[in-house]
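What follows is the content of model19.csv, which has CSV, C-alpha atoms:
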chain,number,residue,atom,x,y,z
L,343,MET,CA,66.5,21.1,55.8
L,344,LEU,CA,70.0,19.9,55.4
L,345,ASN,CA,72.6,20.4,58.2
L,346,THR,CA,76.2,19.3,58.2
L,347,ASP,CA,78.7,19.3,61.1
L,348,ARG,CA,82.3,18.1,61.4
L,349,VAL,CA,82.8,15.2,63.9
L,350,ALA,CA,85.5,12.8,65.0
L,351,LEU,CA,85.6,9.5,63.1
L,352,PRO,CA,83.7,6.8,64.8
L,353,ALA,CA,85.8,3.9,66.1
L,354,GLN,CA,84.3,1.4,63.8
L,355,ILE,CA,85.0,3.5,60.7
L,356,GLU,CA,88.6,4.3,61.9
L,357,VAL,CA,89.3,0.5,62.3
L,358,ARG,CA,88.0,-0.2,58.8
L,359,LEU,CA,90.2,2.6,57.4
L,360,LYS,CA,93.3,1.4,59.2
L,361,ARG,CA,92.7,-2.1,57.8
L,362,SER,CA,92.4,-0.7,54.3
L,363,ALA,CA,95.5,1.4,54.8
L,364,GLN,CA,97.6,-1.7,55.7
L,365,PHE,CA,97.1,-3.3,52.3
L,366,VAL,CA,100.5,-4.2,50.7
L,367,ASP,CA,100.3,-2.7,47.2
L,368,ASN,CA,102.6,-5.2,45.5
L,369,ILE,CA,100.7,-7.1,42.8
L,370,MET,CA,102.9,-10.2,43.0
L,371,ASP,CA,102.4,-10.6,46.7
L,372,PHE,CA,98.7,-10.0,46.2
L,373,ALA,CA,98.5,-12.6,43.4
L,374,ARG,CA,100.5,-15.2,45.4
L,375,GLU,CA,98.2,-14.7,48.5
L,376,ASP,CA,95.1,-15.0,46.2
L,377,LEU,CA,96.4,-18.2,44.6
L,378,ILE,CA,97.7,-20.1,47.6
L,379,GLY,CA,95.6,-18.5,50.3
L,380,PHE,CA,92.7,-20.9,49.7
L,381,LYS,CA,90.8,-18.3,47.7
L,382,ARG,CA,90.8,-20.5,44.6
L,383,PRO,CA,89.1,-23.9,44.9
L,384,LEU,CA,91.8,-25.6,42.7
L,385,ALA,CA,94.6,-24.2,44.8
L,386,ALA,CA,93.0,-25.2,48.0
L,387,THR,CA,92.3,-28.8,46.7
L,388,PHE,CA,95.9,-29.2,45.5
L,389,ALA,CA,97.3,-27.9,48.8
L,390,PHE,CA,95.2,-30.3,50.9
L,391,THR,CA,95.5,-33.4,48.8
L,392,ALA,CA,99.2,-33.3,47.9
L,393,PRO,CA,100.6,-34.4,51.3
L,394,LEU,CA,98.0,-37.2,51.6
L,395,VAL,CA,98.7,-38.5,48.0
L,396,MET,CA,102.5,-38.4,48.6
L,397,ALA,CA,102.2,-40.2,51.9
L,398,PHE,CA,100.0,-42.9,50.4
L,399,VAL,CA,102.3,-43.5,47.4
L,400,TYR,CA,105.3,-43.7,49.7
L,401,GLN,CA,103.7,-46.4,51.9
L,402,VAL,CA,102.6,-48.4,48.9
L,403,GLY,CA,105.5,-48.2,46.5
L,404,GLY,CA,108.5,-46.8,48.3
L,405,LEU,CA,110.8,-43.9,47.5
L,406,ILE,CA,111.3,-44.5,43.8
L,407,TYR,CA,107.6,-44.8,43.1
L,408,LEU,CA,107.0,-41.7,45.2
L,409,LEU,CA,109.4,-39.7,43.1
L,410,GLN,CA,107.8,-40.8,39.8
L,411,THR,CA,104.3,-40.2,41.0
L,412,GLY,CA,105.1,-37.0,42.7
L,413,ALA,CA,106.7,-35.5,39.6
L,414,SER,CA,103.6,-36.3,37.5
L,415,TYR,CA,101.3,-35.1,40.2
L,416,PHE,CA,103.1,-31.8,40.7
L,417,ILE,CA,103.4,-31.2,36.9
L,418,VAL,CA,99.6,-31.7,36.5
L,419,GLY,CA,98.8,-29.7,39.6
L,420,PHE,CA,101.0,-26.7,38.8
L,421,GLY,CA,99.8,-26.8,35.2
L,422,GLY,CA,96.2,-26.5,36.4
L,423,LEU,CA,97.1,-23.7,38.8
L,424,TYR,CA,98.9,-21.8,35.9
L,425,LEU,CA,95.8,-22.1,33.7
L,426,VAL,CA,93.5,-20.9,36.5
L,427,GLY,CA,95.8,-18.1,37.3
L,428,ARG,CA,96.1,-16.9,33.7
L,429,ASN,CA,92.4,-16.8,33.3
L,430,ALA,CA,91.8,-15.1,36.6
L,431,TRP,CA,94.6,-12.5,36.0
L,432,PRO,CA,92.4,-9.7,34.6
L,433,ASP,CA,90.0,-9.9,37.5
L,434,LEU,CA,92.9,-10.1,39.9
L,435,VAL,CA,94.5,-6.9,38.5
L,436,GLU,CA,91.2,-5.1,38.7
L,437,LYS,CA,90.7,-6.1,42.3
L,438,PHE,CA,94.3,-5.1,43.1
L,439,ASP,CA,93.8,-1.7,41.5
L,440,GLU,CA,90.6,-1.2,43.5
L,441,LYS,CA,92.4,-2.2,46.8
L,442,THR,CA,95.3,0.2,46.0
L,443,VAL,CA,93.0,3.2,45.4
L,444,GLU,CA,91.1,2.2,48.6
L,445,LYS,CA,94.4,2.2,50.5
L,446,ARG,CA,95.4,5.7,49.3
L,447,ARG,CA,92.0,7.1,50.2
L,448,ALA,CA,92.0,5.5,53.6
L,449,ILE,CA,95.4,7.0,54.5
L,450,ALA,CA,94.2,10.4,53.4
L,451,ASP,CA,90.9,10.1,55.4
L,452,LEU,CA,92.8,9.0,58.5
L,453,LYS,CA,95.2,11.9,58.3
L,454,CYS,CA,92.3,14.3,58.3
L,455,GLY,CA,90.8,12.6,61.4
L,456,PHE,CA,87.3,13.8,61.0
L,457,GLY,CA,84.1,13.2,59.1
L,458,GLU,CA,81.1,15.3,57.9
L,459,LEU,CA,78.0,14.2,59.7
L,460,SER,CA,74.8,15.3,57.8
L,461,PHE,CA,71.2,15.4,58.9
L,462,LEU,CA,68.3,15.9,56.5
L,463,ASN,CA,64.6,16.3,57.5
L,464,LEU,CA,62.6,15.7,54.4
L,465,SER,CA,59.4,17.6,53.9
L,466,ARG,CA,58.4,15.6,50.8
L,467,ALA,CA,59.3,12.3,49.2
L,468,PRO,CA,62.6,12.0,47.2
L,469,ARG,CA,62.6,11.0,43.6
L,470,PHE,CA,64.3,8.0,42.2
L,471,PHE,CA,65.6,7.2,38.7
L,472,GLU,CA,66.9,3.7,38.2
L,473,HIS,CA,69.6,2.6,35.7
L,474,ASP,CA,71.5,-0.7,35.0
L,475,ASN,CA,74.0,-0.1,37.8
L,476,GLY,CA,71.9,1.4,40.5
L,477,VAL,CA,69.7,4.4,41.2
L,478,LEU,CA,69.9,8.2,41.2
L,479,VAL,CA,68.3,9.8,44.2
L,480,PHE,CA,67.2,13.5,44.4
L,481,ALA,CA,65.9,15.0,47.6
L,482,ASP,CA,64.8,18.5,48.6
L,483,ALA,CA,67.5,19.9,50.8
L,484,GLY,CA,65.8,23.3,51.4
L,485,ASP,CA,67.0,26.8,50.5
L,486,PHE,CA,66.6,26.0,46.8
L,487,ARG,CA,69.1,23.2,47.0
L,488,THR,CA,68.8,19.5,45.9
L,489,LEU,CA,70.7,16.6,47.5
L,490,PHE,CA,72.1,14.1,45.0
L,491,PHE,CA,72.9,10.4,45.7
L,492,SER,CA,74.3,8.0,43.1
L,493,ILE,CA,73.7,4.6,44.7
L,494,ASP,CA,75.5,1.6,43.2
L,495,ASN,CA,73.7,-1.8,43.2
L,496,SER,CA,77.1,-3.4,43.9
L,497,THR,CA,77.3,-5.5,40.7
L,498,ARG,CA,80.5,-3.7,39.7
L,499,SER,CA,82.1,-3.5,43.2
L,500,SER,CA,83.0,-5.9,46.0
L,501,LYS,CA,81.7,-3.3,48.5
L,502,GLN,CA,78.1,-3.3,49.5
L,503,ASP,CA,76.4,0.1,49.6
L,504,GLU,CA,74.0,0.0,52.6
L,505,ARG,CA,71.7,2.5,50.9
L,506,TRP,CA,70.9,0.1,48.1
L,507,ASN,CA,69.3,-2.4,50.5
L,508,LEU,CA,67.4,0.5,52.1
L,509,TYR,CA,66.2,1.5,48.6
L,510,ILE,CA,65.0,-1.9,47.4
L,511,ASN,CA,63.2,-2.4,50.8
L,512,GLY,CA,61.4,0.9,50.5
L,513,GLU,CA,63.2,2.5,53.5
L,514,LEU,CA,64.5,5.5,51.7
L,515,ASP,CA,61.0,7.0,51.8
L,516,ARG,CA,61.5,7.8,55.5
L,517,ARG,CA,61.4,11.4,56.6
L,518,VAL,CA,64.8,11.6,58.4
L,519,TRP,CA,68.2,10.8,56.8
L,520,ARG,CA,71.5,10.7,58.6
L,521,TRP,CA,74.9,9.9,57.1
L,522,LEU,CA,78.7,10.4,57.6
L,523,ARG,CA,80.9,11.4,54.7
L,524,LEU,CA,84.6,10.9,54.7
L,525,PRO,CA,86.6,14.1,54.0
L,526,VAL,CA,89.0,13.0,51.2
L,527,SER,CA,87.5,10.0,49.5
L,528,ARG,CA,84.0,11.6,49.9
L,529,GLU,CA,82.6,8.1,50.6
L,530,ILE,CA,79.3,8.0,52.4
L,531,VAL,CA,79.2,5.6,55.4
L,532,LYS,CA,76.8,4.9,58.3
L,533,PHE,CA,73.7,5.9,56.4
L,534,SER,CA,70.3,5.6,58.2
L,535,ALA,CA,66.7,6.4,57.3
L,536,GLU,CA,64.4,7.0,60.2
L,537,ALA,CA,60.9,8.3,61.3
L,538,SER,CA,57.7,8.0,59.4
L,539,LYS,CA,57.4,7.3,55.6
L,540,LEU,CA,56.5,9.9,53.1
L,541,GLN,CA,54.0,9.4,50.3
L,542,ARG,CA,55.7,8.8,46.9
L,543,VAL,CA,54.7,11.0,44.0
L,544,GLN,CA,55.1,8.0,41.7
L,545,THR,CA,54.7,4.4,42.7
L,546,ASP,CA,57.2,3.1,40.1
L,547,PRO,CA,60.5,5.0,39.6
L,548,ARG,CA,61.4,6.3,36.2
L,549,ARG,CA,64.2,4.4,34.4
L,550,ILE,CA,67.3,5.7,32.5
L,551,ARG,CA,67.4,3.3,29.6
L,552,SER,CA,70.3,4.5,27.5
L,553,ILE,CA,73.9,5.7,28.0
L,554,ASP,CA,73.1,8.8,26.0
L,555,ALA,CA,70.4,9.8,28.5
L,556,TRP,CA,72.7,9.1,31.4
L,557,GLU,CA,75.4,11.3,29.9
L,558,ALA,CA,73.0,14.1,29.2
L,559,ILE,CA,71.6,14.0,32.7
L,560,ASN,CA,75.1,13.9,34.3
L,561,THR,CA,76.3,16.9,32.1
L,562,ALA,CA,73.1,18.9,32.7
L,563,LEU,CA,73.5,18.6,36.5
L,564,GLY,CA,77.2,19.6,36.4
L,565,GLU,CA,78.6,16.1,36.9
L,566,PRO,CA,77.9,15.9,40.6
L,567,LEU,CA,79.5,13.4,42.9
L,568,ASP,CA,77.6,11.0,45.2
L,569,GLY,CA,76.4,13.1,48.1
L,570,ALA,CA,76.8,16.4,46.4
L,571,VAL,CA,74.4,19.4,46.8
L,572,ILE,CA,73.1,20.8,43.6
L,573,HIS,CA,72.3,24.5,44.0
L,574,ARG,CA,69.1,24.4,42.1
L,575,PRO,CA,65.5,23.9,43.4
L,576,PHE,CA,64.3,20.3,43.7
L,577,ASP,CA,61.4,20.6,41.3
L,578,GLU,CA,63.6,22.2,38.7
L,579,VAL,CA,66.2,19.4,38.9
L,580,VAL,CA,63.6,16.6,38.7
L,581,GLU,CA,61.9,18.3,35.8
L,582,SER,CA,65.2,18.6,33.9
L,583,VAL,CA,66.0,14.9,34.5
L,584,GLU,CA,62.5,13.7,33.4
L,585,ARG,CA,62.8,15.8,30.2
L,586,MET,CA,65.9,14.0,29.2
L,587,LEU,CA,64.6,10.5,29.6

What do you get writing this file as structure tokens?
Amino acid sequence: MLNTDRVALPAQIEVRLKRSAQFVDNIMDFAREDLIGFKRPLAATFAFTAPLVMAFVYQVGGLIYLLQTGASYFIVGFGGLYLVGRNAWPDLVEKFDEKTVEKRRAIADLKCGFGELSFLNLSRAPRFFEHDNGVLVFADAGDFRTLFFSIDNSTRSSKQDERWNLYINGELDRRVWRWLRLPVSREIVKFSAEASKLQRVQTDPRRIRSIDAWEAINTALGEPLDGAVIHRPFDEVVESVERML
């Protein structure tokens, strides 16, 4: 049976949200920090070696030799930084967009000031359907309802989904699940699986192998979000998904 209550945000989650909300969403500042903030090996090497090289050249050859060597060194160095920055720009923009969205959601969640704490006592094992980017999880929520999780394997995101580690370690088969869901972003945090393990119906999870099957399943289920409750019986939902594989 699934139960959900509104609770105050835990201090750890509130601190994390405040940190995300402080992100300065100016892409030029973000790019400058990424390039010169020792996040790129070439930039870090250039920043550390430049003073040493200039000091050595000045001691050996004097001011004139310093100016000549310094000009060449900085032209080569900044040229390399330009090439690295140009190649890294698409990834940088994607990361910036992700951080900007995260900031807006964090601000909205903080304004609400509460989370939705859920507790599910499973009477039978959940069902898993793997795909290239993670796994779909269906669990019997009671009262002819089915809980849906879409767990990312984190290959497309910088954030680690704690449920993925539980899944690959076989810990999602446990009887009791608890988690906190943020009110605006609908992000699931502080997930835990407890108590005894349930016997799986199938040892190996089924796999969604094509994008067409994925789209068909998503449409048939009403395009649910991660953590949504589908108002259909568990057996009916699982049978529908298996039929479309």

Distance query stretch 519-533 of chain L at most 8 Å, all atoms listed in the file, self and fewer than 2 positions along chain excluded, as a compact mmCIF listing (two decimals) with C-alpha atoms, keeping the file's coordinate frame:
# COMPACT_ATOMS: atom_id res chain seq x y z
CA ARG L 447 92.00 7.10 50.20
CA ALA L 448 92.00 5.50 53.60
CA ALA L 450 94.20 10.40 53.40
CA ASP L 451 90.90 10.10 55.40
CA CYS L 454 92.30 14.30 58.30
CA PHE L 456 87.30 13.80 61.00
CA GLY L 457 84.10 13.20 59.10
CA GLU L 458 81.10 15.30 57.90
CA LEU L 459 78.00 14.20 59.70
CA SER L 460 74.80 15.30 57.80
CA PHE L 461 71.20 15.40 58.90
CA LEU L 462 68.30 15.90 56.50
CA ASN L 463 64.60 16.30 57.50
CA LEU L 464 62.60 15.70 54.40
CA GLU L 504 74.00 0.00 52.60
CA ARG L 505 71.70 2.50 50.90
CA ARG L 516 61.50 7.80 55.50
CA ARG L 517 61.40 11.40 56.60
CA ALA L 535 66.70 6.40 57.30
CA GLU L 536 64.40 7.00 60.20
CA ASP L 568 77.60 11.00 45.20
CA GLY L 569 76.40 13.10 48.10

Atom pair atom CA of L:Arg551 / atom CA of L:Asp474: separation (Å) =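 Distance reported for this atom pair: 7.9 Å.
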
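Closest approach to L:Phe576 among L:Trp506, L:Phe491, L:Trp556, L:Phe480: L:Phe480, based on all atoms listed in the file.
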
task: Calculate how many Å separate atom CA of L:Leu489 from atom CA of L:Glu584, rounding to one decimal.
output: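 Atom-to-atom, atom CA of L:Leu489 to atom CA of L:Glu584, that is 16.6 Å.
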
The residue from L:Ser465, L:Ala555, L:Asp503, L:Leu508 with the smallest atom-to-atom distance to L:Gly484, counting all atoms listed in the file, is L:Ser465

- Query: Expressed in Å to a single decimal, how great is the separation between atom CA of L:Asn475 and atom CA of L:Ser552?
  - Reply: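 So the answer is 11.9 Å.
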